[in-house]
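Chemist: I have a structure I would like to understand better, so I am pasting it below and will then ask my questions one at a time.
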Amino acid sequence: MQSDDQIVFDSARRFMQRGDFDAALRPLEALLAVHPEATALRWHRSRCLEKLGRRAEAIAELDQVIQRRPDYLPALLARMDLGDGDEAVPEDAGLFRRILALEPGHPRASYRLARALADDADAALPLLDRALAADPSQHDAWRLRADLRYRAAAQPGDAVPAATLVRDPLGIAYDRTLLEAALADYESAAAIEEDTRTDLRIAEIAQRLDRPAEALERYDAALRRLAGDDPARAHVQALRDRAEGGSAGEREHYARMIEASLGAANADRSLQEDWADAAMRSAADQIRKGADVPAALETFVSDSPDDMTVTYIARQIYNLAHEPPPGLEPAVPADFPAYQGRHADTVARAIEPLGYLPLADAEAKNLTVTLGQRVLIRLFTHPQFGAAAAFAMRPKWPGLLGYLVMLLSGKWRIQRMLECSARISDGCFLSTREAGPDPFDYGGAEHFRFETLPRGSGPAAVARRHAERVEDYLAAHPDCHVDVPASLDGVEGQWIESNQIKAEHRRSLDYVTDAELRGVLGKHYDRYAGKVRARLALMTAE
């Protein structure tokens, strides 16, 4: 005959078999009230609580079971499973070790112990190896092993041969062997379960290993999974766009970040800001050429005023052969310093009686970055003699190095210029202006003929002399004519073409002659010349 306790327990078991776990709790709890030390009753109650989603209570009950029966494997495994994924509860390495002592090589316990020991890769990796050998379907185990290998790849020891290192644009070195092993593990994880985080990590490593096609494939997979309004989508798309350019795309990304740090393009810069601009743009160029970010910044950015001066001088010489397209846009004189408008009006009064017609007031937007200040340019055209440009500026015209020359020579005044230019139909340019502070000579440039008048000659004298030169050239070349620009676009096109001619001439001279460098540096030649040439060589190296 069954005891009363057995009858009550049998009713609980029937409820559990039918899946009515709430009903099963009542007889179990009644029995526990009489037999609070009954481990089997607590085991069954923990199972019911788990099925009802009362996780915290189930864990507390299991802890009671394990306290009474430390080697009861089902309870240990159940406790492990209930604790999985709860980041608020530290991993219980002791629990996992007890499971493995009872069942060596248990795949889930091996993984969980490895996760608990993740800060110690030497201890965690063998456990992951055993976990995956026993059960290769564990997505989380593949990903954890990949994470540990990736972390180790970014910390190569001194014994790793330099030839097996891979460096990213930030200068971080990776052990190629470990990087490839991490990639294989991430790919195994992705084959089991689609996961955006894993796709992005695969793409990142593929880029490090210079496998752009694989990187793009993974970025595309992640983008397909992300909804159109997902906040992460723009970031992933930006990563994908960067990867499309391969290693050059990554370098371009960091170069642009450095250039963006320089701030607004139209802000008037101080001398110190000019130094910083020259240094940072030089560093960005080096990154584009393949240097890593820390090395490029270390090369050009310094706390030493002498070093920054040298970089600034070298950068201005470099700019002579790398001036950006001007980016001419219509301008309103009232938006510029009053002295610039006054100079434009003075030039107009002097040369309009000579047949020059006003074309436009403009600003060279792309050059504002190089100049460090906004400059009003008044453009004129002449039906026979081409175009003319009047501008006035503080002495910072980088193409002429006026700022630097006057800084070193002690001269400091606003530069007021009129430059007349004619593009001849045979491709030759004639350019005429007053002598400025710069010492650069273009007399040997092919298809470019440049003449300066003495200082103080005035706009009318410049325009008349330019007309004489054009007439003489056309008399010697009767089949030629002057191409007169009719718009800002036309002026911009001729400006770009003449700059290309001058740039080729600069490069043919190794950028600067010794006489020109003496003219720039004056009495500071011995102090700076060698350093400027060394810095210029870094900037111009391919």
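Just remember, in the structure tokens the first chain shown is A, the second B, etc., residues are 1-based per chain, and ligands are 1-based in the order shown.
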I'd like the neighbourhood of segment 305-314 of chain A as a short mmCIF file (atom, residue, chain, number, x, y, z; two decimals) with C-alpha atoms, in the first residue's frame, where a residue qualifies if any of its atoms comes within 10 Å (using only C-alpha atoms), though same-chain residues fewer than 6 positions away should be ignored.
Modeler:
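The resulting part.cif:
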data_model
loop_
_atom_site.label_atom_id
_atom_site.label_comp_id
_atom_site.auth_asym_id
_atom_site.auth_seq_id
_atom_site.Cartn_x
_atom_site.Cartn_y
_atom_site.Cartn_z
CA LEU A 271 51.02 81.96 -38.08
CA GLN A 272 50.74 79.04 -35.66
CA ASP A 274 49.49 78.09 -40.78
CA TRP A 275 52.21 75.89 -39.31
CA ALA A 276 49.64 73.36 -38.13
CA ASP A 277 47.85 73.40 -41.48
CA ALA A 278 51.08 72.72 -43.38
CA ALA A 279 52.08 69.93 -40.98
CA MET A 280 48.71 68.17 -40.94
CA SER A 282 51.71 67.01 -45.23
CA THR A 299 57.27 63.05 -39.13
CA PRO A 398 51.33 80.42 -50.69
CA LEU A 401 55.64 82.55 -50.44
CA LEU A 404 57.20 83.77 -45.38
CA VAL A 405 59.62 86.03 -47.20
CA TYR A 511 60.95 71.87 -56.94
CA VAL A 512 63.36 74.69 -56.07
CA LEU A 517 65.87 78.93 -51.88
CA VAL A 520 63.23 82.68 -49.84
CA LEU A 521 65.42 82.26 -46.78
CA ARG A 527 70.00 77.65 -40.75
CA TYR A 528 67.13 76.22 -42.78
CA ALA A 529 68.17 75.25 -46.32
CA GLY A 530 69.32 71.70 -45.64
CA LYS A 531 66.36 70.95 -43.41
CA VAL A 532 63.91 72.38 -45.94
CA ARG A 533 65.34 70.22 -48.72
CA ALA A 534 65.18 67.11 -46.50
CA ARG A 535 61.57 67.82 -45.57
CA LEU A 536 60.68 68.57 -49.18
CA ALA A 537 62.20 65.24 -50.21
CA LEU A 538 59.86 63.47 -47.78
CA MET A 539 56.86 65.33 -49.17
#
Chemist: Apply DSSP to the structure's backbone, then extract all residues of segment 185-312 of chain A labelled helix (DSSP H, G or I) and return them as a CSV table (one decimal) with N, CA and C atoms, in the first residue's frame.
Modeler:
chain,number,residue,atom,x,y,z
A,185,ASP,N,38.0,31.1,-38.0
A,185,ASP,CA,37.0,30.8,-36.9
A,185,ASP,C,35.7,31.7,-37.1
A,186,TYR,N,35.9,32.9,-37.4
A,186,TYR,CA,34.8,33.8,-37.7
A,186,TYR,C,33.9,33.3,-38.8
A,187,GLU,N,34.6,32.8,-39.9
A,187,GLU,CA,33.8,32.2,-41.0
A,187,GLU,C,33.0,31.0,-40.6
A,188,SER,N,33.6,30.2,-39.7
A,188,SER,CA,32.9,29.0,-39.2
A,188,SER,C,31.7,29.4,-38.4
A,189,ALA,N,31.9,30.4,-37.6
A,189,ALA,CA,30.7,30.9,-36.8
A,189,ALA,C,29.6,31.4,-37.7
A,190,ALA,N,30.0,32.2,-38.8
A,190,ALA,CA,29.0,32.7,-39.7
A,190,ALA,C,28.3,31.7,-40.5
A,191,ALA,N,29.0,30.5,-40.7
A,191,ALA,CA,28.3,29.4,-41.4
A,191,ALA,C,27.2,28.8,-40.6
A,192,ILE,N,27.3,28.9,-39.3
A,192,ILE,CA,26.3,28.3,-38.4
A,192,ILE,C,25.2,29.2,-38.1
A,196,THR,N,25.5,40.0,-37.7
A,196,THR,CA,26.1,41.2,-38.3
A,196,THR,C,27.5,41.5,-37.7
A,197,ARG,N,27.6,41.3,-36.4
A,197,ARG,CA,28.9,41.5,-35.7
A,197,ARG,C,30.0,40.7,-36.3
A,198,THR,N,29.7,39.4,-36.6
A,198,THR,CA,30.7,38.5,-37.1
A,198,THR,C,31.0,38.9,-38.6
A,199,ASP,N,30.0,39.3,-39.3
A,199,ASP,CA,30.2,39.7,-40.7
A,199,ASP,C,31.2,40.9,-40.7
A,200,LEU,N,30.9,41.9,-39.8
A,200,LEU,CA,31.8,43.1,-39.8
A,200,LEU,C,33.2,42.8,-39.4
A,201,ARG,N,33.4,41.8,-38.5
A,201,ARG,CA,34.7,41.4,-38.1
A,201,ARG,C,35.4,40.7,-39.2
A,202,ILE,N,34.7,39.8,-40.0
A,202,ILE,CA,35.3,39.2,-41.1
A,202,ILE,C,35.8,40.2,-42.1
A,203,ALA,N,34.9,41.2,-42.4
A,203,ALA,CA,35.2,42.2,-43.4
A,203,ALA,C,36.5,43.0,-42.9
A,204,GLU,N,36.6,43.3,-41.6
A,204,GLU,CA,37.7,44.1,-41.1
A,204,GLU,C,39.0,43.3,-41.3
A,205,ILE,N,39.0,42.0,-41.0
A,205,ILE,CA,40.2,41.2,-41.1
A,205,ILE,C,40.5,41.0,-42.6
A,206,ALA,N,39.5,40.8,-43.4
A,206,ALA,CA,39.8,40.7,-44.8
A,206,ALA,C,40.5,41.9,-45.4
A,207,GLN,N,40.1,43.1,-44.9
A,207,GLN,CA,40.8,44.3,-45.3
A,207,GLN,C,42.3,44.3,-44.8
A,208,ARG,N,42.5,43.9,-43.6
A,208,ARG,CA,43.8,43.8,-43.0
A,208,ARG,C,44.7,42.9,-43.9
A,212,PRO,N,40.1,42.7,-50.5
A,212,PRO,CA,38.9,43.6,-50.6
A,212,PRO,C,37.6,43.0,-51.1
A,213,ALA,N,37.7,42.0,-52.0
A,213,ALA,CA,36.5,41.3,-52.4
A,213,ALA,C,35.8,40.6,-51.3
A,214,GLU,N,36.5,40.0,-50.4
A,214,GLU,CA,35.9,39.3,-49.3
A,214,GLU,C,35.3,40.3,-48.3
A,215,ALA,N,36.0,41.4,-48.1
A,215,ALA,CA,35.4,42.4,-47.2
A,215,ALA,C,34.1,43.0,-47.8
A,216,LEU,N,34.1,43.3,-49.1
A,216,LEU,CA,32.9,43.8,-49.7
A,216,LEU,C,31.7,42.8,-49.6
A,217,GLU,N,32.0,41.6,-49.8
A,217,GLU,CA,31.0,40.5,-49.7
A,217,GLU,C,30.3,40.5,-48.3
A,218,ARG,N,31.1,40.7,-47.2
A,218,ARG,CA,30.6,40.6,-45.9
A,218,ARG,C,29.9,41.9,-45.5
A,219,TYR,N,30.4,43.1,-46.0
A,219,TYR,CA,29.7,44.3,-45.7
A,219,TYR,C,28.3,44.3,-46.4
A,220,ASP,N,28.2,43.7,-47.6
A,220,ASP,CA,27.0,43.6,-48.4
A,220,ASP,C,26.0,42.7,-47.6
A,221,ALA,N,26.5,41.6,-47.0
A,221,ALA,CA,25.7,40.7,-46.3
A,221,ALA,C,25.1,41.4,-45.1
A,222,ALA,N,25.9,42.2,-44.4
A,222,ALA,CA,25.4,43.0,-43.2
A,222,ALA,C,24.4,44.0,-43.6
A,223,LEU,N,24.6,44.7,-44.8
A,223,LEU,CA,23.7,45.7,-45.2
A,223,LEU,C,22.3,45.1,-45.6
A,224,ARG,N,22.3,43.9,-46.2
A,224,ARG,CA,21.1,43.2,-46.5
A,224,ARG,C,20.3,42.9,-45.3
A,225,ARG,N,21.0,42.6,-44.2
A,225,ARG,CA,20.3,42.2,-43.0
A,225,ARG,C,19.7,43.4,-42.2
A,233,ARG,N,23.0,51.4,-40.1
A,233,ARG,CA,23.2,51.2,-41.5
A,233,ARG,C,24.2,52.2,-42.2
A,234,ALA,N,24.1,53.5,-41.8
A,234,ALA,CA,24.9,54.5,-42.3
A,234,ALA,C,26.4,54.2,-42.0
A,235,HIS,N,26.7,53.7,-40.8
A,235,HIS,CA,28.0,53.4,-40.4
A,235,HIS,C,28.6,52.2,-41.2
A,236,VAL,N,27.7,51.2,-41.4
A,236,VAL,CA,28.2,50.0,-42.2
A,236,VAL,C,28.4,50.4,-43.6
A,237,GLN,N,27.5,51.3,-44.2
A,237,GLN,CA,27.7,51.7,-45.5
A,237,GLN,C,29.0,52.5,-45.7
A,238,ALA,N,29.3,53.3,-44.7
A,238,ALA,CA,30.6,54.1,-44.8
A,238,ALA,C,31.8,53.1,-44.8
A,239,LEU,N,31.7,52.1,-43.9
A,239,LEU,CA,32.8,51.1,-43.9
A,239,LEU,C,32.9,50.4,-45.3
A,240,ARG,N,31.7,50.1,-45.8
A,240,ARG,CA,31.7,49.4,-47.1
A,240,ARG,C,32.3,50.3,-48.2
A,241,ASP,N,32.0,51.6,-48.2
A,241,ASP,CA,32.5,52.5,-49.2
A,241,ASP,C,34.0,52.6,-49.1
A,242,ARG,N,34.5,52.6,-47.8
A,242,ARG,CA,35.9,52.7,-47.6
A,242,ARG,C,36.6,51.5,-48.1
A,243,ALA,N,36.0,50.3,-47.9
A,243,ALA,CA,36.6,49.1,-48.3
A,243,ALA,C,36.7,48.9,-49.8
A,244,GLU,N,35.8,49.6,-50.5
A,244,GLU,CA,35.7,49.5,-52.0
A,244,GLU,C,37.0,50.0,-52.6
A,246,GLY,N,39.9,49.5,-51.3
A,246,GLY,CA,41.0,48.7,-50.9
A,246,GLY,C,41.8,49.4,-49.8
A,247,SER,N,43.1,49.1,-49.8
A,247,SER,CA,43.9,49.8,-48.8
A,247,SER,C,44.0,51.3,-49.0
A,248,ALA,N,44.0,51.7,-50.3
A,248,ALA,CA,44.0,53.1,-50.6
A,248,ALA,C,42.8,53.8,-50.0
A,249,GLY,N,41.6,53.1,-50.1
A,249,GLY,CA,40.4,53.7,-49.5
A,249,GLY,C,40.5,53.9,-48.0
A,250,GLU,N,41.1,53.0,-47.3
A,250,GLU,CA,41.3,53.2,-45.9
A,250,GLU,C,42.2,54.3,-45.6
A,251,ARG,N,43.3,54.4,-46.4
A,251,ARG,CA,44.3,55.5,-46.1
A,251,ARG,C,43.6,56.8,-46.4
A,252,GLU,N,42.8,56.9,-47.5
A,252,GLU,CA,42.1,58.1,-47.8
A,252,GLU,C,41.2,58.5,-46.7
A,253,HIS,N,40.5,57.6,-46.0
A,253,HIS,CA,39.6,57.8,-44.9
A,253,HIS,C,40.4,58.6,-43.8
A,254,TYR,N,41.5,58.0,-43.4
A,254,TYR,CA,42.3,58.6,-42.3
A,254,TYR,C,42.9,60.0,-42.7
A,255,ALA,N,43.3,60.1,-44.0
A,255,ALA,CA,43.8,61.4,-44.4
A,255,ALA,C,42.8,62.4,-44.4
A,256,ARG,N,41.5,62.1,-44.8
A,256,ARG,CA,40.5,63.1,-44.7
A,256,ARG,C,40.1,63.4,-43.3
A,257,MET,N,40.2,62.5,-42.4
A,257,MET,CA,39.9,62.8,-41.0
A,257,MET,C,40.9,63.8,-40.5
A,258,ILE,N,42.2,63.7,-40.9
A,258,ILE,CA,43.2,64.6,-40.4
A,258,ILE,C,42.9,66.0,-41.0
A,259,GLU,N,42.6,66.0,-42.3
A,259,GLU,CA,42.3,67.3,-42.9
A,259,GLU,C,41.0,68.0,-42.3
A,260,ALA,N,40.0,67.1,-42.0
A,260,ALA,CA,38.8,67.7,-41.4
A,260,ALA,C,39.1,68.3,-40.0
A,271,LEU,N,49.8,82.6,-37.7
A,271,LEU,CA,51.0,82.0,-38.1
A,271,LEU,C,51.1,80.5,-37.5
A,272,GLN,N,50.7,80.4,-36.3
A,272,GLN,CA,50.7,79.0,-35.7
A,272,GLN,C,49.8,78.1,-36.4
A,273,GLU,N,48.6,78.7,-36.8
A,273,GLU,CA,47.6,77.9,-37.5
A,273,GLU,C,48.1,77.5,-38.9
A,274,ASP,N,48.9,78.4,-39.5
A,274,ASP,CA,49.5,78.1,-40.8
A,274,ASP,C,50.5,76.9,-40.6
A,275,TRP,N,51.3,77.0,-39.6
A,275,TRP,CA,52.2,75.9,-39.3
A,275,TRP,C,51.5,74.6,-39.2
A,276,ALA,N,50.4,74.6,-38.3
A,276,ALA,CA,49.6,73.4,-38.1
A,276,ALA,C,49.0,72.9,-39.4
A,277,ASP,N,48.5,73.8,-40.2
A,277,ASP,CA,47.9,73.4,-41.5
A,277,ASP,C,48.9,72.7,-42.4
A,278,ALA,N,50.0,73.3,-42.5
A,278,ALA,CA,51.1,72.7,-43.4
A,278,ALA,C,51.5,71.3,-42.9
A,279,ALA,N,51.6,71.2,-41.5
A,279,ALA,CA,52.1,69.9,-41.0
A,279,ALA,C,51.0,68.9,-41.2
A,280,MET,N,49.8,69.2,-40.9
A,280,MET,CA,48.7,68.2,-40.9
A,280,MET,C,48.4,67.8,-42.4
A,281,ARG,N,48.4,68.7,-43.3
A,281,ARG,CA,48.2,68.4,-44.7
A,281,ARG,C,49.4,67.5,-45.3
A,282,SER,N,50.6,67.8,-44.8
A,282,SER,CA,51.7,67.0,-45.2
A,282,SER,C,51.6,65.6,-44.7
A,283,ALA,N,51.1,65.5,-43.4
A,283,ALA,CA,50.9,64.1,-42.9
A,283,ALA,C,49.8,63.4,-43.6
A,284,ALA,N,48.8,64.1,-44.0
A,284,ALA,CA,47.7,63.4,-44.7
A,284,ALA,C,48.2,62.9,-46.1
A,285,ASP,N,49.0,63.7,-46.7
A,285,ASP,CA,49.6,63.3,-48.0
A,285,ASP,C,50.4,62.0,-47.8
A,286,GLN,N,51.2,62.0,-46.7
A,286,GLN,CA,52.1,60.8,-46.5
A,286,GLN,C,51.2,59.5,-46.2
A,287,ILE,N,50.1,59.7,-45.6
A,287,ILE,CA,49.2,58.6,-45.3
A,287,ILE,C,48.6,58.1,-46.6
A,288,ARG,N,48.3,59.0,-47.5
A,288,ARG,CA,47.8,58.5,-48.8
A,288,ARG,C,48.8,57.8,-49.6
A,293,VAL,N,49.3,56.2,-39.8
A,293,VAL,CA,48.9,57.5,-39.2
A,293,VAL,C,50.0,58.0,-38.2
A,294,PRO,N,50.4,57.2,-37.2
A,294,PRO,CA,51.3,57.7,-36.2
A,294,PRO,C,52.6,58.1,-36.8
A,295,ALA,N,53.1,57.3,-37.8
A,295,ALA,CA,54.4,57.7,-38.4
A,295,ALA,C,54.3,59.0,-39.1
A,296,ALA,N,53.2,59.2,-39.9
A,296,ALA,CA,53.1,60.4,-40.6
A,296,ALA,C,53.0,61.6,-39.7
A,297,LEU,N,52.2,61.5,-38.6
A,297,LEU,CA,52.1,62.6,-37.7
A,297,LEU,C,53.4,62.9,-37.0
A,298,GLU,N,54.1,61.9,-36.6
A,298,GLU,CA,55.4,62.0,-36.0
A,298,GLU,C,56.4,62.7,-36.9
A,299,THR,N,56.3,62.5,-38.2
A,299,THR,CA,57.3,63.1,-39.1
A,299,THR,C,57.1,64.6,-39.3
A,300,PHE,N,55.8,65.0,-39.2
A,300,PHE,CA,55.6,66.4,-39.6
A,300,PHE,C,55.1,67.3,-38.5
A,305,PRO,N,59.4,75.0,-32.7
A,305,PRO,CA,59.1,76.1,-33.7
A,305,PRO,C,60.0,76.0,-35.0
A,306,ASP,N,61.2,75.6,-34.8
A,306,ASP,CA,62.1,75.5,-35.9
A,306,ASP,C,61.6,74.4,-36.8
A,307,ASP,N,61.3,73.2,-36.3
A,307,ASP,CA,60.8,72.1,-37.1
A,307,ASP,C,59.5,72.5,-37.8
A,308,MET,N,58.6,73.2,-37.2
A,308,MET,CA,57.3,73.6,-37.8
A,308,MET,C,57.6,74.6,-38.9
A,309,THR,N,58.6,75.5,-38.7
A,309,THR,CA,58.9,76.5,-39.7
A,309,THR,C,59.4,75.8,-40.9
A,310,VAL,N,60.3,74.8,-40.7
A,310,VAL,CA,60.9,74.1,-41.9
A,310,VAL,C,59.8,73.4,-42.6
A,311,THR,N,58.8,72.7,-41.9
A,311,THR,CA,57.7,72.1,-42.6
A,311,THR,C,56.9,73.1,-43.4
A,312,TYR,N,56.6,74.2,-42.8
A,312,TYR,CA,55.8,75.3,-43.4
A,312,TYR,C,56.5,75.7,-44.7
Chemist: Which polymer residues have any atom within 10 Å of an atom of Arg167 of chain A, counting only C-alpha atoms, with same-chain residues fewer than 6 positions away left out, as a PyMOL selection string?
Modeler: chain A and resi 154+173-176+208-209+292
Chemist: Could you name the residues that touch segment 327-338 of chain A at 9 Å or less, counting only C-alpha atoms, but leaving out those on the same chain fewer than 6 positions away, as a ChimeraX atom specification?
Modeler: /A:360-367,374-377,488-489,491-492
Chemist: How would the residues just chosen look if you wrote them out with N, CA and C atoms as a short mmCIF file (atom, residue, chain, number, x, y, z; two decimals), in the first residue's frame?
Modeler:
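Output (result24.cif):
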data_model
loop_
_atom_site.label_atom_id
_atom_site.label_comp_id
_atom_site.auth_asym_id
_atom_site.auth_seq_id
_atom_site.Cartn_x
_atom_site.Cartn_y
_atom_site.Cartn_z
N ALA A 360 33.94 89.52 -63.74
CA ALA A 360 33.26 89.07 -62.53
C ALA A 360 34.13 89.35 -61.31
N ASP A 361 33.47 89.48 -60.15
CA ASP A 361 34.16 89.40 -58.87
C ASP A 361 34.03 87.95 -58.40
N ALA A 362 35.14 87.39 -57.97
CA ALA A 362 35.13 85.96 -57.66
C ALA A 362 36.00 85.67 -56.44
N GLU A 363 35.80 84.46 -55.91
CA GLU A 363 36.65 83.92 -54.85
C GLU A 363 37.12 82.54 -55.30
N ALA A 364 38.39 82.25 -55.09
CA ALA A 364 38.93 80.93 -55.40
C ALA A 364 38.70 80.04 -54.18
N LYS A 365 37.53 79.40 -54.11
CA LYS A 365 37.13 78.66 -52.91
C LYS A 365 38.13 77.58 -52.52
N ASN A 366 38.63 76.84 -53.50
CA ASN A 366 39.54 75.73 -53.17
C ASN A 366 40.88 76.23 -52.64
N LEU A 367 41.23 77.46 -52.99
CA LEU A 367 42.51 77.99 -52.51
C LEU A 367 42.41 78.62 -51.13
N ARG A 374 40.42 84.58 -46.96
CA ARG A 374 39.59 84.80 -48.14
C ARG A 374 40.15 85.97 -48.94
N VAL A 375 40.12 85.84 -50.25
CA VAL A 375 40.68 86.88 -51.13
C VAL A 375 39.69 87.16 -52.26
N LEU A 376 39.34 88.43 -52.42
CA LEU A 376 38.50 88.87 -53.53
C LEU A 376 39.35 88.99 -54.79
N ILE A 377 38.91 88.40 -55.87
CA ILE A 377 39.62 88.50 -57.15
C ILE A 377 38.68 89.16 -58.15
N LEU A 488 33.60 82.56 -65.91
CA LEU A 488 34.44 82.06 -64.82
C LEU A 488 35.00 80.69 -65.15
N ASP A 489 34.18 79.85 -65.77
CA ASP A 489 34.67 78.51 -66.14
C ASP A 489 35.84 78.61 -67.11
N VAL A 491 37.99 81.12 -67.35
CA VAL A 491 39.16 81.57 -66.58
C VAL A 491 39.74 80.42 -65.78
N GLU A 492 38.85 79.64 -65.13
CA GLU A 492 39.33 78.52 -64.32
C GLU A 492 40.09 77.52 -65.18
#
Chemist: Which one is closest to Trp495 of chain A: A:Ser110, A:Ser421, A:Gln373, A:Gln155? Count only C-alpha atoms.
Modeler: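 Result for the nearest residue to Trp495 of chain A: A:Ser421.
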Chemist: Choose the residue, out of A:Pro325, A:Pro169, A:Gly105, A:Gly83, that has the smallest atom-to-atom separation from Asn499 of chain A; count only C-alpha atoms.
Modeler: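 Looking at the shortest contact to Asn499 of chain A, the residue is A:Pro325.
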Chemist: What lies within 10 Å of segment 114-125 of chain A using only C-alpha atoms, ignoring chain neighbours under 6 positions off, as JSON, numbers by chain?
Modeler: {"A": [90, 91, 92, 93, 94, 96, 108, 131, 140, 141, 144, 145, 146, 147, 148, 149, 151, 152]}
Chemist: Quick one: residues within 7 Å of Phe448 of chain A, only C-alpha atoms, excluding same-chain residues fewer than 2 positions away - as a VMD selection string?
Modeler: chain A and resid 428 to 430 445 to 446 450
Chemist: Would you work out the distance separating atom CA of Gln340 of chain A from atom CA of Val484 of chain A, expressed in Å to one decimal?
Modeler: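 Here the two named atoms are 25.1 Å from each other.
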Chemist: Write out as a compact mmCIF listing (two decimals) with C-alpha atoms, in the first residue's frame each polymer residue whose atoms come within 6 Å of segment 452-462 of chain A, counting only C-alpha atoms; drop sequence neighbours fewer than 4 positions from it.
Modeler:
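Resulting contents of result-v5.txt:
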# COMPACT_ATOMS: atom_id res chain seq x y z
CA VAL A 347 42.75 98.66 -60.90
CA ALA A 350 43.42 102.24 -64.43
CA ILE A 351 42.87 99.48 -67.02
CA THR A 432 52.81 90.00 -66.82
CA ARG A 433 52.76 91.65 -63.40
CA GLU A 434 54.75 93.80 -61.03
CA ALA A 435 57.61 92.18 -59.15
